[in-house]
Amino acid sequence: MDASLFTSMLFATVVAGTPLIIVALGLLVNEKAGVLNLGAEGMMAMGAVAAFAVTHESGNPWLGVAAGVGAGMAMAAIFGVLALTLMANQVASGLALAIFGVGLAAFVGKPYEAVALQAVPPIRIPFIADLPLIGEALYNQQALVYFSWALFWGLLWFLYRSRAGLVLRAVGESPASAHAIGYPVIRIRYLAVLFGGAMAGVGGAFLSVFYTPMWAEGMVAGRGWIALALVVFATWRPLRVMVGAYLFGGVMITQLFIQGSGLQIDFPSQLLSSLPYWATIVVLVAISRNRNTIRLNSPVSLGKPYRPDA
Amino acid sequence: MPILPPLTPPQPSAAAPARLVLQGIGKVYPTVVANDDIGLTVRAGEIRAILGENGAGKSTLMKIIYGVTRPSSGRMFWEGEEVQVESPAHARSLGIGMVFQHFSLFETLTVVENVALALPGKPALDALAQRIVEVSARYGLPVDPRRHIHALSVGERQRVEIVRCLLQDPRLLIMDEPTSVLTPQAVRKLFETLRRLADEGCSILYISHKLDEIRELCHTATVLRGGRVTGECIPAQETPASMARLMIGKELPRCEHDAPQAGGEVRLRLAGLSHASDDPFGTDLRDLHLDVHAGEIVGIAGVSGNGQQELLRVISGEEPLAERFPVQICGVEAGRLSPGRRRRLGMAFVPEERLGRGAVPTMSLADNALLTAAHSQGMVTAGFLRFERARAFARRCIDDFNVKCGGPAAAAKSLSGGNLQKFIVGREILQAPRLLVCAQPTWGVDVGAAAFIRQQIIDLRNRGCAVLVISEELDELFEICDRIAVIAKGRLSPVRAAGDTSIEDIGVWMSGLWPGAGDTADAPLAMETPHA
Ligand SMILES: Nc1ncnc2c1ncn2[C@@H]1O[C@H](COP(=O)(O)OP(=O)(O)OP(=O)(O)O)[C@@H](O)[C@H]1O
Ligand SMILES: [Mg+2]
């Protein structure tokens, strides 16, 4: 493989992995608080369409991202009311949200179907972008790519170094005990859910404004579901979420490259297209098998509604 | 046994200002009135005991004071001012601290993280860990701040709960059965600490079913029965028997313990059992040998954290072994069998944690009965569950063991601690097992019910069952066991007939010093030093 091919594939891998990282890290916080929101796909779709529409009308992609965040949070708030305040089943509420969000996004997005946006230029980081091989791929990227890295480091610090993160993990493990020692369980869960929604909105905005600057129905293409799966198979650990997302992106780009290169290989293209999905899951399962890590990292109360007894 | 040499004689401080006053507190649950018109005054520097049978409403009252639940009626005054405690955080800001009967610890977090969660401000974890080590050593409650809670035994968890509460410097300390699984040495240290706190003006509300403890520690006592205050007394002027009478309204029954039948077959054999714990802080079991025969009760004493938990998991089958022969149940080499298969060989099992391992908190009693008794009681036919049988069996447990609850449909978590314990023990004993393995069988059970459970275990042994009891309570072991061994540092001492040994000997053995102990002697897990 020559150097420029390597660089461009690395570039594409990073771009493909970025929305997954952002969305999955948001869901990770969400789930660490013990709330399972399966509506990621719907929140992403709404984020994508809102971001696209606002960017198109205003010409400012950052207003678009803000709109994506708002849309994602609004969707998450609906879920919060259902699952946290009204104690509805979280799985059912999340599924409903996914279906509702995807449908509503298609409806709202109708007028924008045939419009294109101007591509947003990448941000070049001086000096390190000149590194051979990786410089162009990693440091001449969209701002949201840098954001995803910052999010990762910020989250590591938040979850494992900050008091708030400790409280969040405590709430996810045993809401009853957290209540008993005096933490406002429901409020903390709301915040976590809203954060998950906001990140899903950013992920959606990345797709429609930066990745492929256009809107099409179904453009989220299951990435919300993949992000959900990533979190679980990464056993709720941020680093593994990163690895999984880039692995997914890398295998995706490689198989697209193979399919597009016209190489004559004796392999059904359908299987090739499914490769990123199962390769990611197989690898994550393989590295996350340890019983103790699973026990220590999975939020015990995940998906169980909690009502502080009065 | 005198657990403690008496400390200074109790001095009720009658002139001290009232710190907490309750008036007409009531709490109504859908099925029961848990508290009814309760009045209570606690003065500064006073240690007041709350006495009462299982289900009398003690924990409910404490939870009301601590803001975990809201009272249905009544008023509360804190240092002279009327307050409505909205939440535990509010209670803590007032200066109230509580040690819960059912631990409120987070299993996937470490000890120091658990403590940090309960302290105000943002303590740095490293400094806090250091403080935990110091404070716990000073109070004789050794805990290792870096360990994860899920890997701790109940005794160790109890120490964590207490240390966490003491670090908050409360002005009213509520302790709901804090010593139920502590060793005598730890209890002695704790009492010294509590006395010191009281002398410094801290008020303490103390719940326990151990009447000699109350006599030694508490200035005053309030007796609850059926949710109402039925009396007050000065414990130092009572005998345990007279307090028991106040509590249960009748004389305390005595256990009848006759000589064991000799020559029963071996029902449980540990044949050179060794097992490395997969928890880096766990205790490895090293070459354990033990026979438990039909018709006898064998007790294993020891300070918690010396391998009891690992041993129980290996015997119950939760932690299967690589080989078959080290654990033999009713003549079958069972080392690799699952818990369910072992139960079908005739084993019954009472684990130490009643909520979570002994019972599923959110499920009904009938469903909980189904969990362990499904096969032995014919609750499954052709793969279908027969709920009427489960309900009938749960009803039998409730009636025979005098469990106070809302019936077989009540959720396990709605029962008071002692009542749930009675239900679980009843569920296992009524299956007429060939081998019963139980840990802390009377944890948190009131004196009347404890005597009853012990009698049931003895009767079971008289019917030819083999019983293994693992407990930290030496009194209990000496009351019911025919033979006793000690576990220390993952090794088992020789087994002695209970009549040929004494509590003092066993106490010495508990630090690993038994004849021929060899290298265990150089590193006993003593209570006074925290393990580093
Ligand atoms: N959440 C609840 N829902 C319904 N009933 C409850 C609930 N909590 C407690 N109860 C009932 O209230 C009564 C008092 O319970 P409580 O836990 O206060 O007893 P206790 O005196 O602490 O007993 P123990 O010594 O066994 O701990 C019991 O009959 C119990 O079944
Ligand atoms: Mg209680």
# chains A, B, ... in the order shown; residues from 1 in each chain; ligands from 1
$ interface_residues --of "chain A" --to "chain B" --cutoff "9 Å" --atoms "only C-alpha atoms" --output "MDAnalysis selection string"
chainID A and resid 162:163 166:167 169:170 173:174 176:184 292 295:300 308:310
$ residues_around --residues "Leu63 of chain A" --least-positions-apart "3" --cutoff "12 Å" --atoms "only C-alpha atoms" --output "list in words"
Ala50, Ala51, Phe52, Ala53, Val54, Thr55, His56, Glu57, Ser58, Gly59, Asn60, Ala66, Ala67, Gly68, Val69, Gly70, Val202, Ala205 and Val209 of chain A
$ write_last_selection --atoms "all heavy atoms" --output "CSV table (one decimal), in the first residue's frame"
chain,number,residue,atom,x,y,z
A,50,ALA,N,-32.3,18.7,12.0
A,50,ALA,CA,-32.3,20.1,12.6
A,50,ALA,C,-31.1,20.8,12.2
A,50,ALA,O,-31.1,22.0,11.8
A,50,ALA,CB,-32.5,20.0,14.1
A,51,ALA,N,-29.9,20.1,12.4
A,51,ALA,CA,-28.7,20.8,12.1
A,51,ALA,C,-28.6,21.2,10.6
A,51,ALA,O,-28.2,22.3,10.2
A,51,ALA,CB,-27.5,19.8,12.4
A,52,PHE,N,-29.1,20.3,9.7
A,52,PHE,CA,-29.1,20.6,8.3
A,52,PHE,C,-29.9,21.8,8.0
A,52,PHE,O,-29.5,22.7,7.3
A,52,PHE,CB,-29.5,19.4,7.5
A,52,PHE,CG,-29.4,19.6,6.0
A,52,PHE,CD1,-28.2,19.2,5.4
A,52,PHE,CD2,-30.4,20.1,5.3
A,52,PHE,CE1,-28.1,19.4,4.0
A,52,PHE,CE2,-30.3,20.3,3.9
A,52,PHE,CZ,-29.1,20.0,3.3
A,53,ALA,N,-31.1,21.8,8.5
A,53,ALA,CA,-32.1,22.9,8.2
A,53,ALA,C,-31.5,24.2,8.7
A,53,ALA,O,-31.5,25.2,7.9
A,53,ALA,CB,-33.4,22.6,8.9
A,54,VAL,N,-31.0,24.3,9.9
A,54,VAL,CA,-30.5,25.5,10.4
A,54,VAL,C,-29.3,26.0,9.7
A,54,VAL,O,-29.1,27.2,9.3
A,54,VAL,CB,-30.3,25.4,11.9
A,54,VAL,CG1,-29.6,26.7,12.4
A,54,VAL,CG2,-31.6,25.3,12.6
A,55,THR,N,-28.4,25.1,9.4
A,55,THR,CA,-27.2,25.4,8.6
A,55,THR,C,-27.6,26.0,7.2
A,55,THR,O,-27.1,27.0,6.7
A,55,THR,CB,-26.3,24.2,8.4
A,55,THR,OG1,-26.1,23.6,9.7
A,55,THR,CG2,-25.0,24.6,7.8
A,56,HIS,N,-28.6,25.3,6.6
A,56,HIS,CA,-29.0,25.7,5.3
A,56,HIS,C,-29.6,27.1,5.3
A,56,HIS,O,-29.3,28.0,4.5
A,56,HIS,CB,-30.1,24.8,4.8
A,56,HIS,CG,-30.6,25.1,3.4
A,56,HIS,ND1,-29.8,25.1,2.3
A,56,HIS,CD2,-31.8,25.6,3.0
A,56,HIS,CE1,-30.5,25.5,1.2
A,56,HIS,NE2,-31.8,25.8,1.7
A,57,GLU,N,-30.5,27.4,6.4
A,57,GLU,CA,-31.1,28.7,6.4
A,57,GLU,C,-30.2,29.8,6.9
A,57,GLU,O,-30.3,30.9,6.4
A,57,GLU,CB,-32.3,28.7,7.4
A,57,GLU,CG,-33.4,27.6,7.2
A,57,GLU,CD,-34.0,27.8,5.8
A,57,GLU,OE1,-34.0,28.9,5.3
A,57,GLU,OE2,-34.6,26.8,5.3
A,58,SER,N,-29.3,29.5,7.8
A,58,SER,CA,-28.4,30.5,8.3
A,58,SER,C,-27.1,30.6,7.7
A,58,SER,O,-26.4,31.6,7.8
A,58,SER,CB,-28.2,30.3,9.8
A,58,SER,OG,-27.3,29.2,10.0
A,59,GLY,N,-26.6,29.5,7.1
A,59,GLY,CA,-25.3,29.5,6.5
A,59,GLY,C,-24.2,29.3,7.5
A,59,GLY,O,-23.0,29.2,7.1
A,60,ASN,N,-24.6,29.1,8.7
A,60,ASN,CA,-23.5,28.9,9.7
A,60,ASN,C,-23.6,27.5,10.3
A,60,ASN,O,-24.6,27.1,11.0
A,60,ASN,CB,-23.7,29.9,10.9
A,60,ASN,CG,-22.6,29.8,11.9
A,60,ASN,OD1,-21.9,28.8,12.0
A,60,ASN,ND2,-22.5,30.8,12.7
A,66,ALA,N,-25.6,23.6,17.0
A,66,ALA,CA,-26.4,23.9,18.2
A,66,ALA,C,-27.8,23.4,18.1
A,66,ALA,O,-28.4,22.9,19.0
A,66,ALA,CB,-26.3,25.4,18.4
A,67,ALA,N,-28.4,23.6,16.9
A,67,ALA,CA,-29.7,23.1,16.6
A,67,ALA,C,-29.8,21.6,16.8
A,67,ALA,O,-30.8,21.1,17.4
A,67,ALA,CB,-30.2,23.5,15.3
A,68,GLY,N,-28.8,20.9,16.3
A,68,GLY,CA,-28.7,19.5,16.5
A,68,GLY,C,-28.7,19.1,18.0
A,68,GLY,O,-29.5,18.2,18.4
A,69,VAL,N,-27.9,19.8,18.7
A,69,VAL,CA,-27.9,19.5,20.2
A,69,VAL,C,-29.3,19.7,20.8
A,69,VAL,O,-29.8,18.9,21.5
A,69,VAL,CB,-26.9,20.4,20.9
A,69,VAL,CG1,-27.0,20.4,22.4
A,69,VAL,CG2,-25.5,20.0,20.5
A,70,GLY,N,-29.9,20.9,20.4
A,70,GLY,CA,-31.2,21.2,20.9
A,70,GLY,C,-32.2,20.1,20.6
A,70,GLY,O,-33.0,19.6,21.4
A,202,VAL,N,-25.3,15.9,18.3
A,202,VAL,CA,-24.0,16.3,17.7
A,202,VAL,C,-23.6,15.3,16.7
A,202,VAL,O,-23.2,15.6,15.5
A,202,VAL,CB,-22.9,16.4,18.8
A,202,VAL,CG1,-21.6,16.7,18.1
A,202,VAL,CG2,-23.2,17.5,19.8
A,205,ALA,N,-25.7,15.8,13.7
A,205,ALA,CA,-25.2,17.0,13.0
A,205,ALA,C,-23.9,16.8,12.2
A,205,ALA,O,-23.7,17.2,11.1
A,205,ALA,CB,-25.0,18.2,14.0
A,209,VAL,N,-24.1,17.7,8.3
A,209,VAL,CA,-23.5,19.0,7.9
A,209,VAL,C,-22.0,18.8,7.5
A,209,VAL,O,-21.5,19.5,6.7
A,209,VAL,CB,-23.6,19.9,9.1
A,209,VAL,CG1,-22.9,21.3,8.8
A,209,VAL,CG2,-25.0,20.2,9.5
$ residues_near_ligand --ligand "ligand 1" --cutoff "6 Å" --atoms "only C-alpha atoms and all ligand atoms" --output "tab-separated table (two decimals) with C-alpha atoms, in the first residue's frame"
chain	number	residue	atom	x	y	z
B	29	TYR	CA	-47.94	1.15	54.62
B	34	ALA	CA	-45.49	0.27	60.84
B	53	GLU	CA	-39.30	-7.76	67.94
B	54	ASN	CA	-38.76	-8.24	64.24
B	55	GLY	CA	-41.22	-6.04	62.42
B	56	ALA	CA	-41.90	-3.84	65.44
B	57	GLY	CA	-41.14	-0.77	63.33
B	58	LYS	CA	-37.66	0.14	64.52
B	59	SER	CA	-36.03	0.53	61.12
B	60	THR	CA	-39.03	2.42	59.80
B	404	LYS	CA	-44.83	-11.15	59.89
B	405	CYS	CA	-45.67	-9.98	56.39
B	414	SER	CA	-41.09	-5.10	52.13
B	415	LEU	CA	-40.30	-7.47	55.02
B	416	SER	CA	-38.37	-6.32	58.04
B	417	GLY	CA	-34.85	-7.75	58.18
B	418	GLY	CA	-35.51	-10.39	60.79
B	419	ASN	CA	-38.72	-11.54	59.18
$ select_by_dssp --residues "segment 164-271 of chain B" --states "strand (DSSP E or B)" --output "JSON, numbers by chain"
{"B": [172, 173, 174, 175, 176, 203, 204, 205, 206, 207, 220, 221, 222, 223, 224, 225, 228, 229, 230, 231, 232, 233, 266, 267, 268, 269, 270, 271]}
$ write_last_selection --atoms "N, CA, C and O atoms" --output "CSV table (one decimal), in the first residue's frame"
chain,number,residue,atom,x,y,z
B,172,LEU,N,-26.1,13.2,65.9
B,172,LEU,CA,-26.9,12.1,66.3
B,172,LEU,C,-26.6,11.0,65.4
B,172,LEU,O,-26.6,11.1,64.1
B,173,LEU,N,-26.2,9.9,66.0
B,173,LEU,CA,-25.8,8.7,65.2
B,173,LEU,C,-26.8,7.6,65.4
B,173,LEU,O,-27.2,7.3,66.5
B,174,ILE,N,-27.4,7.2,64.2
B,174,ILE,CA,-28.4,6.2,64.3
B,174,ILE,C,-27.7,4.9,63.8
B,174,ILE,O,-27.1,4.8,62.7
B,175,MET,N,-27.8,3.9,64.6
B,175,MET,CA,-27.1,2.6,64.3
B,175,MET,C,-28.2,1.5,64.3
B,175,MET,O,-28.6,1.1,65.4
B,176,ASP,N,-28.5,1.0,63.1
B,176,ASP,CA,-29.5,0.0,63.0
B,176,ASP,C,-28.8,-1.4,62.9
B,176,ASP,O,-28.3,-1.8,61.9
B,203,SER,N,-25.3,12.2,70.4
B,203,SER,CA,-26.4,11.3,70.8
B,203,SER,C,-26.4,10.1,69.9
B,203,SER,O,-26.1,10.2,68.7
B,204,ILE,N,-26.8,9.0,70.5
B,204,ILE,CA,-26.8,7.8,69.7
B,204,ILE,C,-28.1,7.0,69.9
B,204,ILE,O,-28.6,6.9,71.0
B,205,LEU,N,-28.7,6.7,68.7
B,205,LEU,CA,-29.9,5.8,68.8
B,205,LEU,C,-29.4,4.4,68.3
B,205,LEU,O,-28.8,4.3,67.2
B,206,TYR,N,-29.6,3.4,69.1
B,206,TYR,CA,-28.9,2.1,68.9
B,206,TYR,C,-29.9,1.0,68.9
B,206,TYR,O,-30.6,0.8,69.8
B,207,ILE,N,-30.0,0.3,67.7
B,207,ILE,CA,-30.9,-0.8,67.6
B,207,ILE,C,-30.1,-2.1,67.6
B,207,ILE,O,-29.1,-2.2,66.9
B,220,THR,N,-30.4,4.4,78.2
B,220,THR,CA,-31.9,4.2,78.3
B,220,THR,C,-32.4,3.4,77.1
B,220,THR,O,-31.6,3.2,76.2
B,221,ALA,N,-33.6,2.9,77.3
B,221,ALA,CA,-34.1,2.1,76.2
B,221,ALA,C,-35.6,2.3,76.0
B,221,ALA,O,-36.3,2.6,77.0
B,222,THR,N,-36.0,2.3,74.8
B,222,THR,CA,-37.4,2.5,74.4
B,222,THR,C,-37.9,1.1,73.8
B,222,THR,O,-37.2,0.6,72.9
B,223,VAL,N,-39.0,0.6,74.2
B,223,VAL,CA,-39.4,-0.7,73.7
B,223,VAL,C,-40.6,-0.4,72.8
B,223,VAL,O,-41.6,0.3,73.1
B,224,LEU,N,-40.5,-1.0,71.6
B,224,LEU,CA,-41.6,-0.9,70.6
B,224,LEU,C,-42.2,-2.3,70.4
B,224,LEU,O,-41.5,-3.3,70.5
B,225,ARG,N,-43.5,-2.3,70.3
B,225,ARG,CA,-44.1,-3.5,69.9
B,225,ARG,C,-45.3,-3.2,69.0
B,225,ARG,O,-46.1,-2.3,69.3
B,228,ARG,N,-46.0,0.5,68.2
B,228,ARG,CA,-46.3,1.5,69.3
B,228,ARG,C,-45.2,1.4,70.4
B,228,ARG,O,-44.5,0.4,70.6
B,229,VAL,N,-45.0,2.5,71.1
B,229,VAL,CA,-44.1,2.5,72.3
B,229,VAL,C,-44.8,1.8,73.4
B,229,VAL,O,-45.9,2.2,73.8
B,230,THR,N,-44.2,0.7,73.9
B,230,THR,CA,-44.9,-0.1,74.9
B,230,THR,C,-44.2,0.1,76.3
B,230,THR,O,-44.6,-0.5,77.3
B,231,GLY,N,-43.0,0.7,76.3
B,231,GLY,CA,-42.4,0.9,77.6
B,231,GLY,C,-41.0,1.5,77.4
B,231,GLY,O,-40.5,1.7,76.3
B,232,GLU,N,-40.5,1.9,78.6
B,232,GLU,CA,-39.1,2.4,78.6
B,232,GLU,C,-38.4,1.7,79.8
B,232,GLU,O,-39.1,1.3,80.7
B,233,CYS,N,-37.1,1.6,79.7
B,233,CYS,CA,-36.4,1.1,80.9
B,233,CYS,C,-35.0,1.6,80.9
B,233,CYS,O,-34.5,2.2,79.9
B,266,VAL,N,-21.5,-39.9,56.1
B,266,VAL,CA,-20.9,-38.6,55.8
B,266,VAL,C,-21.8,-38.0,54.7
B,266,VAL,O,-22.0,-38.5,53.7
B,267,ARG,N,-22.3,-36.8,55.0
B,267,ARG,CA,-23.2,-36.1,54.0
B,267,ARG,C,-22.4,-35.0,53.3
B,267,ARG,O,-22.7,-34.7,52.1
B,268,LEU,N,-21.4,-34.4,54.0
B,268,LEU,CA,-20.6,-33.4,53.3
B,268,LEU,C,-19.1,-33.7,53.6
B,268,LEU,O,-18.8,-33.9,54.8
B,269,ARG,N,-18.3,-33.9,52.6
B,269,ARG,CA,-16.9,-34.1,52.8
B,269,ARG,C,-16.1,-33.1,52.0
B,269,ARG,O,-16.3,-33.0,50.8
B,270,LEU,N,-15.2,-32.4,52.7
B,270,LEU,CA,-14.2,-31.6,52.0
B,270,LEU,C,-13.0,-32.4,52.0
B,270,LEU,O,-12.4,-32.7,53.1
B,271,ALA,N,-12.5,-32.8,50.9
B,271,ALA,CA,-11.3,-33.7,50.8
B,271,ALA,C,-10.1,-32.9,50.2
B,271,ALA,O,-9.9,-32.9,49.0
$ select_by_dssp --residues "segment 113-295 of chain A" --states "alpha helix (DSSP H)" --output "PyMOL selection string"
chain A and resi 135-139+143-161+163-173+175-180+185-205+223-233+238-260+269-287+291-295
$ residues_around --residues "Glu136 of chain A" --least-positions-apart "3" --cutoff "10 Å" --atoms "only C-alpha atoms" --output "JSON, numbers by chain"
{"A": [4, 7, 8, 10, 11, 124, 125, 128, 129, 130, 131, 132, 133, 139, 140, 141]}
$ atom_distance --atom1 "atom CA of Arg461 of chain B" --atom2 "atom CA of Leu430 of chain B"
12.7 Å
$ residues_around --residues "segment 355-358 of chain B" --least-positions-apart "2" --cutoff "12 Å" --atoms "only C-alpha atoms" --output "ChimeraX atom specification"
/B:101-104,107,150,154,313,316,318,348-353,360-363,365,368-369,371-372,411-428,438-441
$ residues_around --residues "Glu31 of chain A" --least-positions-apart "3" --cutoff "10 Å" --atoms "only C-alpha atoms" --output "VMD selection string"
chain A and resid 25 to 28 34 to 37 168 to 169 172 189 192 to 193 196 228 231 to 232 236 298 to 303
$ write_last_selection --atoms "N, CA and C atoms" --output "PDB file, in the first residue's frame"
ATOM      1  N   LEU A  25     -20.298   7.682  23.367  1.00  0.00           N
ATOM      2  CA  LEU A  25     -19.847   8.213  24.664  1.00  0.00           C
ATOM      3  C   LEU A  25     -21.005   8.899  25.398  1.00  0.00           C
ATOM      4  N   GLY A  26     -21.870   9.566  24.632  1.00  0.00           N
ATOM      5  CA  GLY A  26     -23.054  10.150  25.258  1.00  0.00           C
ATOM      6  C   GLY A  26     -23.937   9.071  25.863  1.00  0.00           C
ATOM      7  N   LEU A  27     -24.130   7.978  25.115  1.00  0.00           N
ATOM      8  CA  LEU A  27     -24.968   6.893  25.619  1.00  0.00           C
ATOM      9  C   LEU A  27     -24.315   6.223  26.817  1.00  0.00           C
ATOM     10  N   LEU A  28     -22.992   6.202  26.800  1.00  0.00           N
ATOM     11  CA  LEU A  28     -22.278   5.575  27.910  1.00  0.00           C
ATOM     12  C   LEU A  28     -22.597   6.304  29.222  1.00  0.00           C
ATOM     13  N   GLY A  34     -27.652   4.279  34.763  1.00  0.00           N
ATOM     14  CA  GLY A  34     -28.658   3.237  34.921  1.00  0.00           C
ATOM     15  C   GLY A  34     -29.866   3.383  34.019  1.00  0.00           C
ATOM     16  N   VAL A  35     -29.775   4.277  33.038  1.00  0.00           N
ATOM     17  CA  VAL A  35     -30.924   4.463  32.146  1.00  0.00           C
ATOM     18  C   VAL A  35     -30.558   3.971  30.750  1.00  0.00           C
ATOM     19  N   LEU A  36     -31.382   3.085  30.229  1.00  0.00           N
ATOM     20  CA  LEU A  36     -31.150   2.542  28.903  1.00  0.00           C
ATOM     21  C   LEU A  36     -32.056   3.268  27.922  1.00  0.00           C
ATOM     22  N   ASN A  37     -31.468   4.108  27.064  1.00  0.00           N
ATOM     23  CA  ASN A  37     -32.270   4.816  26.075  1.00  0.00           C
ATOM     24  C   ASN A  37     -31.976   4.246  24.700  1.00  0.00           C
ATOM     25  N   LEU A 168     -22.523   9.696  39.626  1.00  0.00           N
ATOM     26  CA  LEU A 168     -23.240   9.127  38.479  1.00  0.00           C
ATOM     27  C   LEU A 168     -23.143   7.599  38.494  1.00  0.00           C
ATOM     28  N   ARG A 169     -21.940   7.088  38.711  1.00  0.00           N
ATOM     29  CA  ARG A 169     -21.774   5.634  38.722  1.00  0.00           C
ATOM     30  C   ARG A 169     -22.542   5.021  39.884  1.00  0.00           C
ATOM     31  N   GLY A 172     -26.111   4.708  39.015  1.00  0.00           N
ATOM     32  CA  GLY A 172     -26.347   3.621  38.059  1.00  0.00           C
ATOM     33  C   GLY A 172     -26.266   2.261  38.717  1.00  0.00           C
ATOM     34  N   ARG A 189     -30.386  11.352  36.852  1.00  0.00           N
ATOM     35  CA  ARG A 189     -30.697  10.544  35.672  1.00  0.00           C
ATOM     36  C   ARG A 189     -31.187  11.417  34.515  1.00  0.00           C
ATOM     37  N   ALA A 192     -28.202  12.930  32.889  1.00  0.00           N
ATOM     38  CA  ALA A 192     -27.479  11.952  32.079  1.00  0.00           C
ATOM     39  C   ALA A 192     -28.208  11.700  30.762  1.00  0.00           C
ATOM     40  N   VAL A 193     -29.527  11.594  30.844  1.00  0.00           N
ATOM     41  CA  VAL A 193     -30.312  11.347  29.636  1.00  0.00           C
ATOM     42  C   VAL A 193     -30.186  12.535  28.673  1.00  0.00           C
ATOM     43  N   GLY A 196     -26.907  12.408  26.967  1.00  0.00           N
ATOM     44  CA  GLY A 196     -26.950  11.407  25.904  1.00  0.00           C
ATOM     45  C   GLY A 196     -27.648  11.963  24.672  1.00  0.00           C
ATOM     46  N   LEU A 228     -25.214   2.041  20.279  1.00  0.00           N
ATOM     47  CA  LEU A 228     -25.750   1.345  21.462  1.00  0.00           C
ATOM     48  C   LEU A 228     -25.022   0.032  21.689  1.00  0.00           C
ATOM     49  N   VAL A 231     -21.446   0.411  23.077  1.00  0.00           N
ATOM     50  CA  VAL A 231     -21.348   0.683  24.511  1.00  0.00           C
ATOM     51  C   VAL A 231     -21.419  -0.622  25.301  1.00  0.00           C
ATOM     52  N   VAL A 232     -22.343  -1.476  24.909  1.00  0.00           N
ATOM     53  CA  VAL A 232     -22.507  -2.726  25.645  1.00  0.00           C
ATOM     54  C   VAL A 232     -21.294  -3.631  25.448  1.00  0.00           C
ATOM     55  N   TRP A 236     -18.982  -0.773  28.790  1.00  0.00           N
ATOM     56  CA  TRP A 236     -19.131   0.568  29.382  1.00  0.00           C
ATOM     57  C   TRP A 236     -17.787   1.224  29.711  1.00  0.00           C
ATOM     58  N   SER A 298     -20.307  -2.830  34.443  1.00  0.00           N
ATOM     59  CA  SER A 298     -21.671  -2.710  33.946  1.00  0.00           C
ATOM     60  C   SER A 298     -22.555  -2.094  35.031  1.00  0.00           C
ATOM     61  N   PRO A 299     -23.365  -1.106  34.637  1.00  0.00           N
ATOM     62  CA  PRO A 299     -24.257  -0.476  35.621  1.00  0.00           C
ATOM     63  C   PRO A 299     -25.344  -1.459  36.028  1.00  0.00           C
ATOM     64  N   VAL A 300     -25.342  -1.844  37.295  1.00  0.00           N
ATOM     65  CA  VAL A 300     -26.200  -2.931  37.755  1.00  0.00           C
ATOM     66  C   VAL A 300     -27.681  -2.629  37.541  1.00  0.00           C
ATOM     67  N   SER A 301     -28.076  -1.364  37.743  1.00  0.00           N
ATOM     68  CA  SER A 301     -29.506  -1.066  37.691  1.00  0.00           C
ATOM     69  C   SER A 301     -29.961  -0.685  36.290  1.00  0.00           C
ATOM     70  N   LEU A 302     -29.133  -0.943  35.281  1.00  0.00           N
ATOM     71  CA  LEU A 302     -29.454  -0.515  33.913  1.00  0.00           C
ATOM     72  C   LEU A 302     -30.845  -0.978  33.495  1.00  0.00           C
ATOM     73  N   GLY A 303     -31.660  -0.024  33.082  1.00  0.00           N
ATOM     74  CA  GLY A 303     -32.974  -0.361  32.538  1.00  0.00           C
ATOM     75  C   GLY A 303     -34.061  -0.534  33.583  1.00  0.00           C
TER      76      GLY A 303
END
$ residues_around --residues "Ala216 of chain A" --least-positions-apart "4" --cutoff "8 Å" --atoms "only C-alpha atoms" --output "list in words"
Ala106, Gly109 and Glu113 of chain A
$ closest_residue --among "B:Ala18, B:Leu167, B:Val314, B:Ala451" --to "Asp284 of chain B" --atoms "only C-alpha atoms"
B:Val314
$ closest_residue --among "B:His219, B:Lys189, B:His209, B:Arg159" --to "ligand 2" --atoms "only C-alpha atoms and all ligand atoms"
B:His209
$ residues_around --residues "segment 87-94 of chain A" --least-positions-apart "3" --cutoff "7 Å" --atoms "only C-alpha atoms" --output "list in words"
Leu36, Asn37, Leu38, Gly39, Phe79, Leu82, Ala83, Leu84, Leu97, Ala98, Gly303 and Pro305 of chain A
